[in-house]
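**Q** Below is a structure I'd like to ask you about.
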Amino acid sequence: MRSSVNRPAAVIAAVVAVVVTAVIGIVLSSSRGATAPSAASVVAASDKSASPNYVAMGSSFAAGPGEGPIVDRRCLRTGDNYPNRVADSLGLQLIDVTCSGSTAAELVSGPTKNRHHRRPQVEAVNRSTTLVTITTGGNDVDFVGRIIAQTCANMRALGLAHCGSGRTPPNGPGVADYARLERSLVEAVDAIRARAPKARIMLVDYAPVVAIDSPPCELLPLMPWEVQQESLIASEMSAVNDRVAKRTGATHISTAGLSAQHSVCGPLPWVRGFGSKMVYHPNAAGKEGIADLVISAQGG
């Protein structure tokens, strides 16, 4: 990473502005006081449509905020996210209940506190569901939130004192956190099976954000040991998906081997880097890339 301490004041001010914009974007992804809900956010458990459908579940890495047309402001869900691309390619009727800020623990129980407008995502599944994708877990272990906090701490150390909120980067998740995530996913898959016994369920990894074997770049202002820590967390999240898939008979769509190519500092990044709106979230290439993985697995 090249220091920005010696840049002109105007450039530094601009960098601060984009950092604050990026962090605010992440905060909005888990906002408790957003604008009025759209009908797509509230899933009716009584839906008995006879048409085969595809239900997309998960957090912001599935909802796709940051670019593309917003179709649900409460969830920052876009019309060009990977579920829409999958549905278009496979000719399926999409029921998209992905929601930025959601956790794996909320898939079955539904959100708590001030988010009662959102029903449990599993309620979107019914007897006509043929495909379910789940991309979640990052909010359970504070994956992207930690990267943002680390980024801003590093930028403040370079003299950009107004970057972010001053939040201290939290410790990484422990064994108990991953075990809790695994239990939540197993519970979700079991609930889906009870509603749609014949549906194919796919546990889809997050698009790669960091990679140990990628060269450092200005789009990811992390120290080497921070990159290593976040890489290990991403690997463990993928390992949780793999264990759940083997235990339940679901399909695991892994991105573990794609980080060097498609992380922030890779030659073909699938996520937006530092200075972007909804920083460290999938870009258009990432949405397309994840969709291609799902489509390929569905055809196999």
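Here, A, B, ... name the chains of the structure tokens in the order displayed, residue numbers run from 1 inside each chain, and ligands are numbered from 1 in the same displayed order.
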Can you list, as a count of residues only, all residues belonging to range 82-192 of chain A that DSSP tags as strand (DSSP E or B)?
**A** 11
**Q** Contacts of range 288-294 of chain A at 9 Å or less, counting only C-alpha atoms, minus same-chain residues fewer than 4 places along, as a ChimeraX atom specification?
**A** /A:80-86,133,202,204-207,253-255,270,283-284,298-299
**Q** Counting only C-alpha atoms, what is within 9 Å of Asp140 in chain A, bar same-chain residues fewer than 5 positions away, as a VMD selection string?
**A** chain A and resid 102 to 105 177 to 178 180 to 181
**Q** Given only C-alpha atoms as the basis, pick out the residue of A:Val71, A:Leu94, A:Val279, A:Ala87 nearest to Thr151 in chain A.
**A** A:Val279
**Q** Smallest atom-to-atom distance to Gly91 in chain A: which of A:Thr130, A:Ser276, A:Thr136, A:Asn241, using only C-alpha atoms?
**A**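 The answer is A:Thr130, which sits nearest to Gly91 in chain A.
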**Q** Using only C-alpha atoms, which residues sit within 8 Å of Met57 in chain A once same-chain residues fewer than 6 positions away are excluded, as a list in words?
**A**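 Once the nearby chain positions are removed, what remains is Asp96, Val97, Thr98, Cys99, Leu107, Gln121, Val122, Val132, Thr133, Ile134, Thr135 and Thr136 of chain A.
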**Q** Output all heavy atoms of each residue in that selection to a file, as a short mmCIF file (atom, residue, chain, number, x, y, z; two decimals), in the first residue's frame.
**A**
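Everything below was put into part12.cif:
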```cif
data_model
loop_
_atom_site.label_atom_id
_atom_site.label_comp_id
_atom_site.auth_asym_id
_atom_site.auth_seq_id
_atom_site.Cartn_x
_atom_site.Cartn_y
_atom_site.Cartn_z
N ASP A 96 -37.19 -13.74 -4.51
CA ASP A 96 -35.93 -13.25 -3.95
C ASP A 96 -36.19 -12.58 -2.60
O ASP A 96 -36.79 -11.51 -2.54
CB ASP A 96 -35.29 -12.26 -4.93
CG ASP A 96 -33.87 -11.87 -4.54
OD1 ASP A 96 -33.44 -12.24 -3.43
OD2 ASP A 96 -33.20 -11.21 -5.34
N VAL A 97 -35.74 -13.22 -1.53
CA VAL A 97 -35.91 -12.66 -0.19
C VAL A 97 -34.56 -12.33 0.44
O VAL A 97 -34.45 -12.17 1.66
CB VAL A 97 -36.73 -13.61 0.73
CG1 VAL A 97 -38.16 -13.67 0.29
CG2 VAL A 97 -36.11 -15.01 0.77
N THR A 98 -33.52 -12.23 -0.39
CA THR A 98 -32.21 -11.85 0.13
C THR A 98 -32.31 -10.44 0.72
O THR A 98 -33.05 -9.60 0.23
CB THR A 98 -31.16 -11.86 -0.98
OG1 THR A 98 -31.55 -10.94 -2.02
CG2 THR A 98 -31.02 -13.26 -1.58
N CYS A 99 -31.54 -10.20 1.78
CA CYS A 99 -31.66 -8.92 2.46
C CYS A 99 -30.34 -8.53 3.10
O CYS A 99 -29.77 -9.30 3.90
CB CYS A 99 -32.75 -8.99 3.53
SG CYS A 99 -33.37 -7.37 4.03
N LEU A 107 -32.60 -16.83 9.26
CA LEU A 107 -33.26 -17.49 8.13
C LEU A 107 -34.55 -18.19 8.56
O LEU A 107 -35.54 -18.17 7.83
CB LEU A 107 -32.31 -18.49 7.48
CG LEU A 107 -31.07 -17.92 6.79
CD1 LEU A 107 -30.21 -19.06 6.25
CD2 LEU A 107 -31.45 -16.96 5.67
N GLN A 121 -36.91 -15.91 6.14
CA GLN A 121 -36.73 -16.15 4.71
C GLN A 121 -37.21 -17.53 4.27
O GLN A 121 -37.65 -17.70 3.13
CB GLN A 121 -35.26 -15.94 4.33
CG GLN A 121 -34.83 -14.48 4.46
CD GLN A 121 -33.41 -14.23 4.00
OE1 GLN A 121 -32.82 -15.04 3.28
NE2 GLN A 121 -32.83 -13.11 4.40
N VAL A 122 -37.16 -18.50 5.15
CA VAL A 122 -37.60 -19.85 4.76
C VAL A 122 -39.09 -19.89 4.43
O VAL A 122 -39.54 -20.82 3.74
CB VAL A 122 -37.30 -20.90 5.86
CG1 VAL A 122 -35.81 -21.06 6.06
CG2 VAL A 122 -37.99 -20.56 7.17
N VAL A 132 -33.18 -23.72 -4.22
CA VAL A 132 -32.95 -22.71 -3.17
C VAL A 132 -31.45 -22.44 -3.10
O VAL A 132 -30.65 -23.37 -3.04
CB VAL A 132 -33.44 -23.19 -1.79
CG1 VAL A 132 -33.14 -22.13 -0.72
CG2 VAL A 132 -34.93 -23.51 -1.82
N THR A 133 -31.07 -21.16 -3.14
CA THR A 133 -29.67 -20.79 -2.89
C THR A 133 -29.59 -19.99 -1.61
O THR A 133 -30.48 -19.18 -1.31
CB THR A 133 -29.07 -19.96 -4.04
OG1 THR A 133 -29.86 -18.78 -4.26
CG2 THR A 133 -29.01 -20.78 -5.33
N ILE A 134 -28.53 -20.22 -0.85
CA ILE A 134 -28.30 -19.52 0.42
C ILE A 134 -26.88 -18.97 0.42
O ILE A 134 -25.92 -19.74 0.30
CB ILE A 134 -28.48 -20.46 1.63
CG1 ILE A 134 -29.86 -21.12 1.62
CG2 ILE A 134 -28.26 -19.69 2.93
CD1 ILE A 134 -30.03 -22.19 2.70
N THR A 135 -26.75 -17.67 0.54
CA THR A 135 -25.45 -17.04 0.69
C THR A 135 -25.51 -16.17 1.93
O THR A 135 -26.10 -15.08 1.91
CB THR A 135 -25.09 -16.17 -0.53
OG1 THR A 135 -25.08 -16.99 -1.71
CG2 THR A 135 -23.72 -15.53 -0.37
N THR A 136 -24.95 -16.65 3.01
CA THR A 136 -25.05 -15.95 4.29
C THR A 136 -23.89 -16.35 5.18
O THR A 136 -23.07 -17.19 4.82
CB THR A 136 -26.40 -16.27 4.97
OG1 THR A 136 -26.62 -15.39 6.08
CG2 THR A 136 -26.44 -17.71 5.46
#
```
**Q** Based on DSSP run over this structure's backbone, return all residues of range 110-299 of chain A in helix (DSSP H, G or I), as a PyMOL selection string.
**A** chain A and resi 121-124+143-157+175-195+224-248+256-262+284-299
**Q** For each of A:Lys287, A:Pro221, A:Ala191, A:His262, take the minimum atom-to-atom distance to Gly275 in chain A, counting only C-alpha atoms, then give the residue where this is smallest.
**A** A:Pro221
**Q** Just give me the gap between CA of Ala245 in chain A and CA of Ala199 in chain A in Å, one decimal is fine.
**A** 13.9 Å
**Q** Residues at most 12 Å from Asp190 in chain A, counting only C-alpha atoms, excluding those fewer than 6 positions away in the same chain, as a list in words?
**A**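 After dropping sequence-adjacent residues, the list is Leu107, Val108, Val122, Val125, Arg183, Ser184, Ala196, Pro197, Ala199, Ile201, Val244, Ala245, Arg247, Thr248, Gly249 and Ala250 of chain A.
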**Q** Go ahead and write the residues just picked, N, CA, C and O atoms, as a PDB file, in the first residue's frame.
**A**
```pdb
ATOM      1  N   LEU A 107     -32.603 -16.832   9.263  1.00  0.00           N
ATOM      2  CA  LEU A 107     -33.263 -17.485   8.134  1.00  0.00           C
ATOM      3  C   LEU A 107     -34.545 -18.187   8.555  1.00  0.00           C
ATOM      4  O   LEU A 107     -35.544 -18.171   7.832  1.00  0.00           O
ATOM      5  N   VAL A 108     -34.517 -18.807   9.717  1.00  0.00           N
ATOM      6  CA  VAL A 108     -35.675 -19.561  10.201  1.00  0.00           C
ATOM      7  C   VAL A 108     -36.479 -18.774  11.226  1.00  0.00           C
ATOM      8  O   VAL A 108     -37.714 -18.762  11.190  1.00  0.00           O
ATOM      9  N   VAL A 122     -37.161 -18.501   5.153  1.00  0.00           N
ATOM     10  CA  VAL A 122     -37.605 -19.853   4.765  1.00  0.00           C
ATOM     11  C   VAL A 122     -39.089 -19.894   4.429  1.00  0.00           C
ATOM     12  O   VAL A 122     -39.541 -20.820   3.742  1.00  0.00           O
ATOM     13  N   VAL A 125     -40.345 -20.523   0.821  1.00  0.00           N
ATOM     14  CA  VAL A 125     -40.294 -21.865   0.217  1.00  0.00           C
ATOM     15  C   VAL A 125     -41.654 -22.538   0.334  1.00  0.00           C
ATOM     16  O   VAL A 125     -42.295 -22.510   1.391  1.00  0.00           O
ATOM     17  N   ARG A 183     -24.834 -24.507  13.052  1.00  0.00           N
ATOM     18  CA  ARG A 183     -26.144 -24.941  13.551  1.00  0.00           C
ATOM     19  C   ARG A 183     -27.271 -24.174  12.867  1.00  0.00           C
ATOM     20  O   ARG A 183     -28.307 -24.754  12.515  1.00  0.00           O
ATOM     21  N   SER A 184     -27.060 -22.883  12.670  1.00  0.00           N
ATOM     22  CA  SER A 184     -28.086 -22.072  12.016  1.00  0.00           C
ATOM     23  C   SER A 184     -28.338 -22.539  10.583  1.00  0.00           C
ATOM     24  O   SER A 184     -29.489 -22.599  10.127  1.00  0.00           O
ATOM     25  N   ALA A 196     -40.153 -28.184   1.184  1.00  0.00           N
ATOM     26  CA  ALA A 196     -39.981 -28.575  -0.227  1.00  0.00           C
ATOM     27  C   ALA A 196     -39.007 -29.744  -0.302  1.00  0.00           C
ATOM     28  O   ALA A 196     -37.821 -29.562  -0.588  1.00  0.00           O
ATOM     29  N   PRO A 197     -39.480 -30.957  -0.038  1.00  0.00           N
ATOM     30  CA  PRO A 197     -38.598 -32.129   0.037  1.00  0.00           C
ATOM     31  C   PRO A 197     -37.784 -32.388  -1.228  1.00  0.00           C
ATOM     32  O   PRO A 197     -36.696 -32.956  -1.165  1.00  0.00           O
ATOM     33  N   ALA A 199     -36.720 -30.022  -3.422  1.00  0.00           N
ATOM     34  CA  ALA A 199     -35.939 -28.863  -3.872  1.00  0.00           C
ATOM     35  C   ALA A 199     -34.443 -29.127  -3.748  1.00  0.00           C
ATOM     36  O   ALA A 199     -33.984 -29.779  -2.802  1.00  0.00           O
ATOM     37  N   ILE A 201     -30.957 -27.658  -2.806  1.00  0.00           N
ATOM     38  CA  ILE A 201     -30.501 -26.576  -1.941  1.00  0.00           C
ATOM     39  C   ILE A 201     -29.008 -26.369  -2.158  1.00  0.00           C
ATOM     40  O   ILE A 201     -28.219 -27.319  -2.067  1.00  0.00           O
ATOM     41  N   VAL A 244     -21.891 -28.398   6.334  1.00  0.00           N
ATOM     42  CA  VAL A 244     -23.358 -28.422   6.346  1.00  0.00           C
ATOM     43  C   VAL A 244     -23.882 -29.157   5.116  1.00  0.00           C
ATOM     44  O   VAL A 244     -24.825 -29.955   5.208  1.00  0.00           O
ATOM     45  N   ALA A 245     -23.279 -28.902   3.969  1.00  0.00           N
ATOM     46  CA  ALA A 245     -23.713 -29.577   2.738  1.00  0.00           C
ATOM     47  C   ALA A 245     -23.560 -31.094   2.861  1.00  0.00           C
ATOM     48  O   ALA A 245     -24.466 -31.859   2.490  1.00  0.00           O
ATOM     49  N   ARG A 247     -23.473 -32.848   5.577  1.00  0.00           N
ATOM     50  CA  ARG A 247     -24.348 -33.357   6.631  1.00  0.00           C
ATOM     51  C   ARG A 247     -25.806 -33.424   6.187  1.00  0.00           C
ATOM     52  O   ARG A 247     -26.552 -34.326   6.603  1.00  0.00           O
ATOM     53  N   THR A 248     -26.227 -32.499   5.333  1.00  0.00           N
ATOM     54  CA  THR A 248     -27.640 -32.390   4.984  1.00  0.00           C
ATOM     55  C   THR A 248     -27.988 -32.852   3.576  1.00  0.00           C
ATOM     56  O   THR A 248     -29.159 -32.948   3.228  1.00  0.00           O
ATOM     57  N   GLY A 249     -26.972 -33.082   2.747  1.00  0.00           N
ATOM     58  CA  GLY A 249     -27.244 -33.450   1.366  1.00  0.00           C
ATOM     59  C   GLY A 249     -27.412 -32.262   0.447  1.00  0.00           C
ATOM     60  O   GLY A 249     -27.803 -32.425  -0.718  1.00  0.00           O
ATOM     61  N   ALA A 250     -27.125 -31.076   0.938  1.00  0.00           N
ATOM     62  CA  ALA A 250     -27.172 -29.888   0.090  1.00  0.00           C
ATOM     63  C   ALA A 250     -25.935 -29.842  -0.802  1.00  0.00           C
ATOM     64  O   ALA A 250     -25.006 -30.647  -0.649  1.00  0.00           O
TER      65      ALA A 250
END
```
**Q** Grab the CA of Asp213 in chain A to CA of Leu158 in chain A distance for me, in Å with one decimal place.
**A**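 If I compute the distance from CA of Asp213 in chain A to CA of Leu158 in chain A, I get 24.7 Å.
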**Q** For CA of Ala256 in chain A and CA of Asn154 in chain A, quote the distance in Å rounded to one decimal.
**A**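 Between CA of Ala256 in chain A and CA of Asn154 in chain A the gap is 26.4 Å.
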**Q** I'd like the neighbourhood of Ala149 in chain A as a PyMOL selection string, where a residue qualifies if any of its atoms comes within 7 Å (using only C-alpha atoms), though same-chain residues fewer than 4 positions away should be ignored.
**A** chain A and resi 145+153+167-169
**Q** For the selection you just gave me, I'd like the residues written to a file as a PDB file, in the first residue's frame, keeping all heavy atoms.
**A**
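Saved file part.pdb follows:
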```
ATOM      1  N   GLY A 145     -17.629  -6.216   8.057  1.00  0.00           N
ATOM      2  CA  GLY A 145     -17.552  -5.138   9.028  1.00  0.00           C
ATOM      3  C   GLY A 145     -16.170  -5.011   9.643  1.00  0.00           C
ATOM      4  O   GLY A 145     -15.663  -3.902   9.869  1.00  0.00           O
ATOM      5  N   ALA A 153      -9.004   2.045  10.381  1.00  0.00           N
ATOM      6  CA  ALA A 153      -7.964   2.213  11.400  1.00  0.00           C
ATOM      7  C   ALA A 153      -6.617   2.477  10.739  1.00  0.00           C
ATOM      8  O   ALA A 153      -5.836   3.332  11.181  1.00  0.00           O
ATOM      9  CB  ALA A 153      -7.904   0.977  12.289  1.00  0.00           C
ATOM     10  N   ARG A 167     -14.401   3.075  15.021  1.00  0.00           N
ATOM     11  CA  ARG A 167     -14.623   1.760  15.617  1.00  0.00           C
ATOM     12  C   ARG A 167     -13.332   0.964  15.661  1.00  0.00           C
ATOM     13  O   ARG A 167     -12.592   0.893  14.689  1.00  0.00           O
ATOM     14  CB  ARG A 167     -15.664   1.007  14.790  1.00  0.00           C
ATOM     15  CG  ARG A 167     -15.922  -0.422  15.253  1.00  0.00           C
ATOM     16  CD  ARG A 167     -16.705  -1.189  14.193  1.00  0.00           C
ATOM     17  NE  ARG A 167     -17.038  -2.532  14.628  1.00  0.00           N
ATOM     18  CZ  ARG A 167     -17.366  -3.524  13.815  1.00  0.00           C
ATOM     19  NH1 ARG A 167     -17.395  -3.315  12.508  1.00  0.00           N
ATOM     20  NH2 ARG A 167     -17.650  -4.714  14.278  1.00  0.00           N
ATOM     21  N   THR A 168     -13.051   0.361  16.803  1.00  0.00           N
ATOM     22  CA  THR A 168     -11.880  -0.502  16.930  1.00  0.00           C
ATOM     23  C   THR A 168     -12.174  -1.843  16.284  1.00  0.00           C
ATOM     24  O   THR A 168     -13.222  -2.446  16.560  1.00  0.00           O
ATOM     25  CB  THR A 168     -11.526  -0.722  18.414  1.00  0.00           C
ATOM     26  OG1 THR A 168     -11.253   0.544  19.014  1.00  0.00           O
ATOM     27  CG2 THR A 168     -10.308  -1.624  18.553  1.00  0.00           C
ATOM     28  N   PRO A 169     -11.298  -2.336  15.416  1.00  0.00           N
ATOM     29  CA  PRO A 169     -11.551  -3.638  14.793  1.00  0.00           C
ATOM     30  C   PRO A 169     -11.732  -4.720  15.846  1.00  0.00           C
ATOM     31  O   PRO A 169     -10.908  -4.855  16.757  1.00  0.00           O
ATOM     32  CB  PRO A 169     -10.285  -3.876  13.961  1.00  0.00           C
ATOM     33  CG  PRO A 169      -9.746  -2.511  13.684  1.00  0.00           C
ATOM     34  CD  PRO A 169     -10.065  -1.703  14.910  1.00  0.00           C
TER      35      PRO A 169
END
```
